[in-house]
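Undergrad: Got a file for you: start30.cif, mmCIF, C-alpha atoms, pLDDT in the B column; chains and numbers go by the auth columns.
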```cif
data_model
loop_
_atom_site.group_PDB
_atom_site.id
_atom_site.type_symbol
_atom_site.label_atom_id
_atom_site.label_comp_id
_atom_site.label_asym_id
_atom_site.label_seq_id
_atom_site.Cartn_x
_atom_site.Cartn_y
_atom_site.Cartn_z
_atom_site.B_iso_or_equiv
_atom_site.auth_seq_id
_atom_site.auth_asym_id
ATOM 1 C CA MET A 1 75.763 -36.017 119.802 81.00 143 A
ATOM 2 C CA ASP A 2 76.040 -32.316 120.561 95.00 144 A
ATOM 3 C CA ASP A 3 73.539 -29.459 120.532 96.00 145 A
ATOM 4 C CA LEU A 4 74.606 -28.265 117.055 95.00 146 A
ATOM 5 C CA THR A 5 73.954 -31.678 115.566 96.00 147 A
ATOM 6 C CA ILE A 6 70.490 -31.722 117.101 97.00 148 A
ATOM 7 C CA ALA A 7 69.793 -28.160 115.922 97.00 149 A
ATOM 8 C CA ARG A 8 70.917 -29.038 112.389 96.00 150 A
ATOM 9 C CA ALA A 9 68.731 -32.159 112.343 97.00 151 A
ATOM 10 C CA LEU A 10 65.713 -30.159 113.552 97.00 152 A
ATOM 11 C CA HIS A 11 66.457 -27.496 110.929 97.00 153 A
ATOM 12 C CA VAL A 12 66.577 -30.054 108.113 97.00 154 A
ATOM 13 C CA LEU A 13 63.428 -31.832 109.331 98.00 155 A
ATOM 14 C CA ALA A 14 61.575 -28.511 109.503 98.00 156 A
ATOM 15 C CA LEU A 15 62.662 -27.661 105.950 97.00 157 A
ATOM 16 C CA VAL A 16 61.702 -31.091 104.628 97.00 158 A
ATOM 17 C CA HIS A 17 58.205 -30.706 106.068 97.00 159 A
ATOM 18 C CA TRP A 18 57.780 -27.038 105.131 97.00 160 A
ATOM 19 C CA ILE A 19 59.189 -26.940 101.590 98.00 161 A
ATOM 20 C CA GLY A 20 58.183 -30.543 100.896 97.00 162 A
ATOM 21 C CA GLY A 21 54.645 -29.521 101.782 96.00 163 A
ATOM 22 C CA VAL A 22 54.869 -26.521 99.492 96.00 164 A
ATOM 23 C CA ALA A 23 56.035 -28.868 96.727 97.00 165 A
ATOM 24 C CA MET A 24 53.109 -31.222 97.363 96.00 166 A
ATOM 25 C CA VAL A 25 50.592 -28.365 97.317 94.00 167 A
ATOM 26 C CA THR A 26 52.168 -26.816 94.214 95.00 168 A
ATOM 27 C CA ALA A 27 52.851 -29.859 92.060 96.00 169 A
ATOM 28 C CA VAL A 28 50.061 -32.221 93.114 94.00 170 A
ATOM 29 C CA ILE A 29 47.186 -30.668 95.054 93.00 171 A
ATOM 30 C CA LEU A 30 46.700 -27.382 93.176 92.00 172 A
ATOM 31 C CA PRO A 31 46.670 -29.037 89.727 94.00 173 A
ATOM 32 C CA ALA A 32 44.189 -31.675 90.964 93.00 174 A
ATOM 33 C CA VAL A 33 41.927 -29.094 92.594 92.00 175 A
ATOM 34 C CA ASN A 34 42.139 -26.883 89.532 89.00 176 A
ATOM 35 C CA ARG A 35 40.627 -29.710 87.434 90.00 177 A
ATOM 36 C CA LEU A 36 37.411 -29.698 89.476 87.00 178 A
ATOM 37 C CA ALA A 37 34.652 -28.233 87.332 82.00 179 A
ATOM 38 C CA ASP A 38 32.646 -26.565 90.092 88.00 180 A
ATOM 39 C CA ALA A 39 34.323 -23.339 91.289 86.00 181 A
ATOM 40 C CA ALA A 40 32.727 -23.527 94.752 87.00 182 A
ATOM 41 C CA GLU A 41 33.946 -27.118 95.190 90.00 183 A
ATOM 42 C CA ARG A 42 37.418 -26.093 94.001 90.00 184 A
ATOM 43 C CA LEU A 43 37.563 -23.376 96.649 89.00 185 A
ATOM 44 C CA ARG A 44 36.200 -25.645 99.389 89.00 186 A
ATOM 45 C CA VAL A 45 38.653 -28.472 98.675 92.00 187 A
ATOM 46 C CA PHE A 46 41.656 -26.167 98.294 89.00 188 A
ATOM 47 C CA GLU A 47 40.917 -24.335 101.525 88.00 189 A
ATOM 48 C CA ALA A 48 40.352 -27.557 103.457 89.00 190 A
ATOM 49 C CA ILE A 49 43.741 -28.939 102.388 89.00 191 A
ATOM 50 C CA GLU A 50 45.694 -25.694 102.395 87.00 192 A
ATOM 51 C CA GLY A 51 44.276 -24.640 105.763 86.00 193 A
ATOM 52 C CA ARG A 52 45.415 -27.851 107.377 90.00 194 A
ATOM 53 C CA PHE A 53 48.897 -27.560 105.862 93.00 195 A
ATOM 54 C CA SER A 54 49.093 -23.865 106.749 93.00 196 A
ATOM 55 C CA ARG A 55 48.768 -24.683 110.459 93.00 197 A
ATOM 56 C CA GLN A 56 51.513 -27.287 110.156 96.00 198 A
ATOM 57 C CA ALA A 57 53.724 -24.966 108.095 97.00 199 A
ATOM 58 C CA ARG A 58 53.555 -22.350 110.858 97.00 200 A
ATOM 59 C CA ILE A 59 55.186 -24.876 113.173 97.00 201 A
ATOM 60 C CA SER A 60 57.780 -25.893 110.550 98.00 202 A
ATOM 61 C CA THR A 61 58.751 -22.316 109.684 98.00 203 A
ATOM 62 C CA ALA A 62 58.981 -21.387 113.364 98.00 204 A
ATOM 63 C CA LEU A 63 61.198 -24.416 114.035 98.00 205 A
ATOM 64 C CA ALA A 64 63.375 -23.631 110.987 98.00 206 A
ATOM 65 C CA GLY A 65 63.771 -20.034 112.126 98.00 207 A
ATOM 66 C CA LEU A 66 64.539 -20.919 115.743 98.00 208 A
ATOM 67 C CA SER A 67 67.023 -23.651 114.844 98.00 209 A
ATOM 68 C CA GLY A 68 68.698 -21.457 112.215 97.00 210 A
ATOM 69 C CA PHE A 69 68.984 -18.568 114.671 97.00 211 A
ATOM 70 C CA TYR A 70 70.343 -20.941 117.324 98.00 212 A
ATOM 71 C CA MET A 71 73.001 -22.384 115.000 97.00 213 A
ATOM 72 C CA THR A 72 74.067 -18.892 113.911 97.00 214 A
ATOM 73 C CA TRP A 73 74.287 -17.764 117.539 97.00 215 A
ATOM 74 C CA ARG A 74 76.005 -20.941 118.737 97.00 216 A
ATOM 75 C CA LEU A 75 78.607 -20.792 115.943 96.00 217 A
ATOM 76 C CA SER A 76 79.042 -17.021 116.358 96.00 218 A
ATOM 77 C CA ALA A 77 78.437 -16.873 112.609 96.00 219 A
ATOM 78 C CA TRP A 78 76.844 -13.406 112.473 97.00 220 A
ATOM 79 C CA ASP A 79 79.850 -12.072 110.528 96.00 221 A
ATOM 80 C CA ARG A 80 78.894 -14.343 107.624 95.00 222 A
ATOM 81 C CA PHE A 81 76.046 -11.933 106.885 96.00 223 A
ATOM 82 C CA LEU A 82 78.711 -9.308 106.119 96.00 224 A
ATOM 83 C CA ASP A 83 80.595 -11.551 103.686 95.00 225 A
ATOM 84 C CA PRO A 84 79.228 -11.679 100.098 94.00 226 A
ATOM 85 C CA ALA A 85 80.509 -15.266 99.794 93.00 227 A
ATOM 86 C CA PHE A 86 77.760 -16.271 102.212 95.00 228 A
ATOM 87 C CA TRP A 87 74.957 -14.806 100.076 95.00 229 A
ATOM 88 C CA TRP A 88 73.073 -18.063 100.497 95.00 230 A
ATOM 89 C CA MET A 89 72.558 -17.278 104.188 96.00 231 A
ATOM 90 C CA HIS A 90 70.766 -14.087 103.162 97.00 232 A
ATOM 91 C CA ALA A 91 68.689 -16.152 100.753 97.00 233 A
ATOM 92 C CA MET A 92 67.705 -18.577 103.539 97.00 234 A
ATOM 93 C CA VAL A 93 66.648 -15.729 105.798 98.00 235 A
ATOM 94 C CA GLY A 94 64.822 -14.070 102.894 98.00 236 A
ATOM 95 C CA ILE A 95 62.766 -17.182 102.100 98.00 237 A
ATOM 96 C CA TRP A 96 62.022 -17.643 105.781 98.00 238 A
ATOM 97 C CA VAL A 97 60.884 -14.004 106.103 98.00 239 A
ATOM 98 C CA ILE A 98 58.586 -14.293 103.060 98.00 240 A
ATOM 99 C CA PHE A 99 56.885 -17.466 104.291 97.00 241 A
ATOM 100 C CA THR A 100 56.736 -16.257 107.900 98.00 242 A
ATOM 101 C CA PHE A 101 55.083 -13.033 106.765 98.00 243 A
ATOM 102 C CA VAL A 102 52.569 -14.900 104.584 97.00 244 A
ATOM 103 C CA LEU A 103 51.728 -17.522 107.240 96.00 245 A
ATOM 104 C CA PHE A 104 51.667 -15.364 110.354 97.00 246 A
ATOM 105 C CA VAL A 105 50.676 -11.906 109.060 97.00 247 A
ATOM 106 C CA ALA A 106 49.235 -11.818 105.534 97.00 248 A
ATOM 107 C CA GLU A 107 47.005 -14.911 105.690 94.00 249 A
ATOM 108 C CA PRO A 108 45.259 -14.110 108.959 94.00 250 A
ATOM 109 C CA LEU A 109 44.986 -10.356 108.374 96.00 251 A
ATOM 110 C CA PHE A 110 44.027 -9.998 104.717 96.00 252 A
ATOM 111 C CA LEU A 111 45.165 -12.712 102.305 94.00 253 A
ATOM 112 C CA HIS A 112 42.437 -15.204 103.212 91.00 254 A
ATOM 113 C CA LYS A 113 39.703 -12.581 102.704 93.00 255 A
ATOM 114 C CA TRP A 114 41.281 -11.296 99.465 95.00 256 A
ATOM 115 C CA PHE A 115 41.503 -14.852 98.096 92.00 257 A
ATOM 116 C CA HIS A 116 37.836 -15.534 98.863 89.00 258 A
ATOM 117 C CA GLU A 117 36.662 -12.290 97.289 93.00 259 A
ATOM 118 C CA ARG A 118 38.787 -12.729 94.168 94.00 260 A
ATOM 119 C CA ALA A 119 37.867 -16.408 93.788 91.00 261 A
ATOM 120 C CA GLY A 120 34.204 -15.409 93.980 90.00 262 A
ATOM 121 C CA ARG A 121 34.639 -12.969 91.083 93.00 263 A
ATOM 122 C CA ASP A 122 37.148 -14.890 88.975 94.00 264 A
ATOM 123 C CA PRO A 123 37.801 -18.451 90.162 91.00 265 A
ATOM 124 C CA ASP A 124 39.831 -19.522 87.115 90.00 266 A
ATOM 125 C CA GLY A 125 42.032 -16.433 87.165 94.00 267 A
ATOM 126 C CA THR A 126 42.494 -16.687 90.917 93.00 268 A
ATOM 127 C CA PHE A 127 43.620 -20.307 90.768 92.00 269 A
ATOM 128 C CA ARG A 128 45.985 -19.513 87.874 93.00 270 A
ATOM 129 C CA LEU A 129 47.506 -16.699 89.950 95.00 271 A
ATOM 130 C CA VAL A 130 47.795 -18.934 93.017 94.00 272 A
ATOM 131 C CA MET A 131 49.495 -21.606 90.877 94.00 273 A
ATOM 132 C CA ARG A 132 51.999 -19.087 89.464 97.00 274 A
ATOM 133 C CA LEU A 133 52.798 -17.712 92.915 96.00 275 A
ATOM 134 C CA HIS A 134 53.229 -21.195 94.380 96.00 276 A
ATOM 135 C CA TRP A 135 55.557 -22.240 91.540 98.00 277 A
ATOM 136 C CA MET A 136 57.575 -19.046 91.996 97.00 278 A
ATOM 137 C CA LEU A 137 57.916 -19.565 95.760 97.00 279 A
ATOM 138 C CA LEU A 138 58.739 -23.245 95.336 98.00 280 A
ATOM 139 C CA SER A 139 61.379 -22.499 92.687 98.00 281 A
ATOM 140 C CA ILE A 140 63.210 -19.883 94.745 98.00 282 A
ATOM 141 C CA SER A 141 62.913 -22.103 97.834 98.00 283 A
ATOM 142 C CA LEU A 142 64.491 -25.083 96.077 98.00 284 A
ATOM 143 C CA ALA A 143 67.224 -22.913 94.564 97.00 285 A
ATOM 144 C CA THR A 144 67.947 -21.523 98.022 97.00 286 A
ATOM 145 C CA ILE A 145 68.123 -24.975 99.588 97.00 287 A
ATOM 146 C CA ALA A 146 70.518 -26.144 96.868 97.00 288 A
ATOM 147 C CA ALA A 147 72.687 -23.030 97.320 96.00 289 A
ATOM 148 C CA ALA A 148 72.676 -23.432 101.112 95.00 290 A
ATOM 149 C CA VAL A 149 73.764 -27.072 100.948 95.00 291 A
ATOM 150 C CA LEU A 150 76.479 -26.258 98.411 96.00 292 A
ATOM 151 C CA GLY A 151 77.573 -23.173 100.350 94.00 293 A
ATOM 152 C CA ALA A 152 77.647 -24.983 103.700 91.00 294 A
ATOM 153 C CA HIS A 153 79.978 -27.552 102.150 91.00 295 A
ATOM 154 C CA GLY A 154 82.296 -24.958 100.612 89.00 296 A
ATOM 155 C CA ALA A 155 81.245 -25.492 97.013 90.00 297 A
ATOM 156 C CA LEU A 156 80.258 -21.833 96.437 84.00 298 A
ATOM 157 C CA ALA A 157 83.310 -20.168 97.974 69.00 299 A
#
```
Is it possible to express this structure as structure tokens?
TA:
Amino acid sequence: MDDLTIARALHVLALVHWIGGVAMVTAVILPAVNRLADAAERLRVFEAIEGRFSRQARISTALAGLSGFYMTWRLSAWDRFLDPAFWWMHAMVGIWVIFTFVLFVAEPLFLHKWFHERAGRDPDGTFRLVMRLHWMLLSISLATIAAAVLGAHGALA
């Protein structure tokens, strides 16, 4: 077993945890929390679950980024970013950048506060918006994973 095999396995495991967690939050937890009648309870439960996953997702996204960077460096694959046939690599980096920004910058600096303030004014509207955003991020993440697997196996060339 070589270093690339290990890096690829770590990359896949990080993605399974990260995007699988996003799928769980989006398709299971948010709909269940949204059914709670009391707005304060809804916010408390969502934040308790999401906060715990957010800490884990920081580790997963960091591991995905590091392993992806390592594989690109190790394979000397930087030129793929200049080839339109490898558009799926740009998509992977794009998804990673979005989630990394949200988890490491937006959430700690302003998103958490904004969410609390908005949920206090309009809990139903806030949870609808959060649901839409989660479904959008999950959809583009899954499409990117599918494209990356197909592209890595030559099916998109």
Undergrad: Hey, can you check how far CA of Leu172 in chain A sits from CA of Ser281 in chain A?
TA: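 Between these atoms lies a distance of 15.5 Å.
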Undergrad: For CA of Leu208 in chain A and CA of His232 in chain A, quote the distance in Å rounded to one decimal.
TA: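 So the two atoms, CA of Leu208 in chain A and CA of His232 in chain A, lie 15.6 Å apart.
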Undergrad: Rank nothing, just name the residue among A:Phe246, A:Ala182, A:Asp225, A:Gly296 nearest to Arg263 in chain A, using only C-alpha atoms.
TA: A:Ala182
Undergrad: Measuring atom to atom with all atoms listed in the file, identify which of A:Ala297, A:Ala261, A:Met273, A:Val170 is nearest to Arg184 in chain A.
TA: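 Counting all atoms listed in the file, the residue closest to Arg184 in chain A is A:Ala261.
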Undergrad: Return the single residue from A:Leu155, A:Gly207, A:Pro250, A:Gly262 that is closest to Arg186 in chain A, with distances computed using only C-alpha atoms.
TA: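 Smallest separation from Arg186 in chain A among the options: A:Gly262.
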Undergrad: Between A:Trp230, A:Trp238, A:Leu271, A:Ala151, which is the closest to Ala285 in chain A once you count only C-alpha atoms?
TA: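 Residue with the minimum atom-to-atom distance to Ala285 in chain A: A:Trp230.
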Undergrad: Could you expand the PyMOL selection byres ((chain A and resi 210) around 10) into the explicit residues it covers here, written as an MDAnalysis selection string?
TA: chainID A and resid 149:150 152:154 204:209 211:216 231 234:235
Undergrad: Which polymer residues have any atom within 10 Å of an atom of His159 in chain A, counting all atoms listed in the file, with same-chain residues fewer than 5 positions away left out, as a ChimeraX atom specification?
TA: /A:154,164-165,195,198-199,201-203
Undergrad: When you look at Leu279 in chain A with a cut-off of 9 Å (counting all atoms listed in the file), what residues show up, excluding the ones that are within fewer than 4 positions of it in the same chain? I need them as a PyMOL selection string.
TA: chain A and resi 164+237+241+274-275+283-284
Undergrad: List the spatial neighbours of Phe257 in chain A as a PyMOL selection string - criterion: any atom at most 12 Å away, only C-alpha atoms, same-chain residues fewer than 3 positions off excluded.
TA: chain A and resi 185+188-189+248-254+260-265+267-269+271-272
Undergrad: One decimal, in Å: what's the spacing between CA of Val167 in chain A and CA of Gly293 in chain A?
TA: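 Separation of CA of Val167 in chain A and CA of Gly293 in chain A: 27.6 Å.
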Undergrad: Quick one: of A:Met166, A:Ile240, A:Leu178, A:Leu157, who's nearest to Trp277 in chain A, counting only C-alpha atoms?
TA: A:Met166
Undergrad: With only C-alpha atoms counted, which protein, DNA or RNA residues have an atom no more than 9 Å from (74.4, -19.7, 97.1) in the file frame? Please answer as a list in words.
TA: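 Nearby residues: Ala227, Phe228, Trp229, Trp230, Met231, Ala233, Ala285, Thr286, Ile287, Ala288, Ala289, Ala290, Val291, Leu292, Gly293, Ala297, Leu298 and Ala299 of chain A.
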Undergrad: Could you check the closest approach to Thr147 in chain A for each of A:Ile161, A:Val175, A:Val239, A:Leu217 and tell me which residue wins, using only C-alpha atoms?
TA: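 Residue with the minimum atom-to-atom distance to Thr147 in chain A: A:Leu217.
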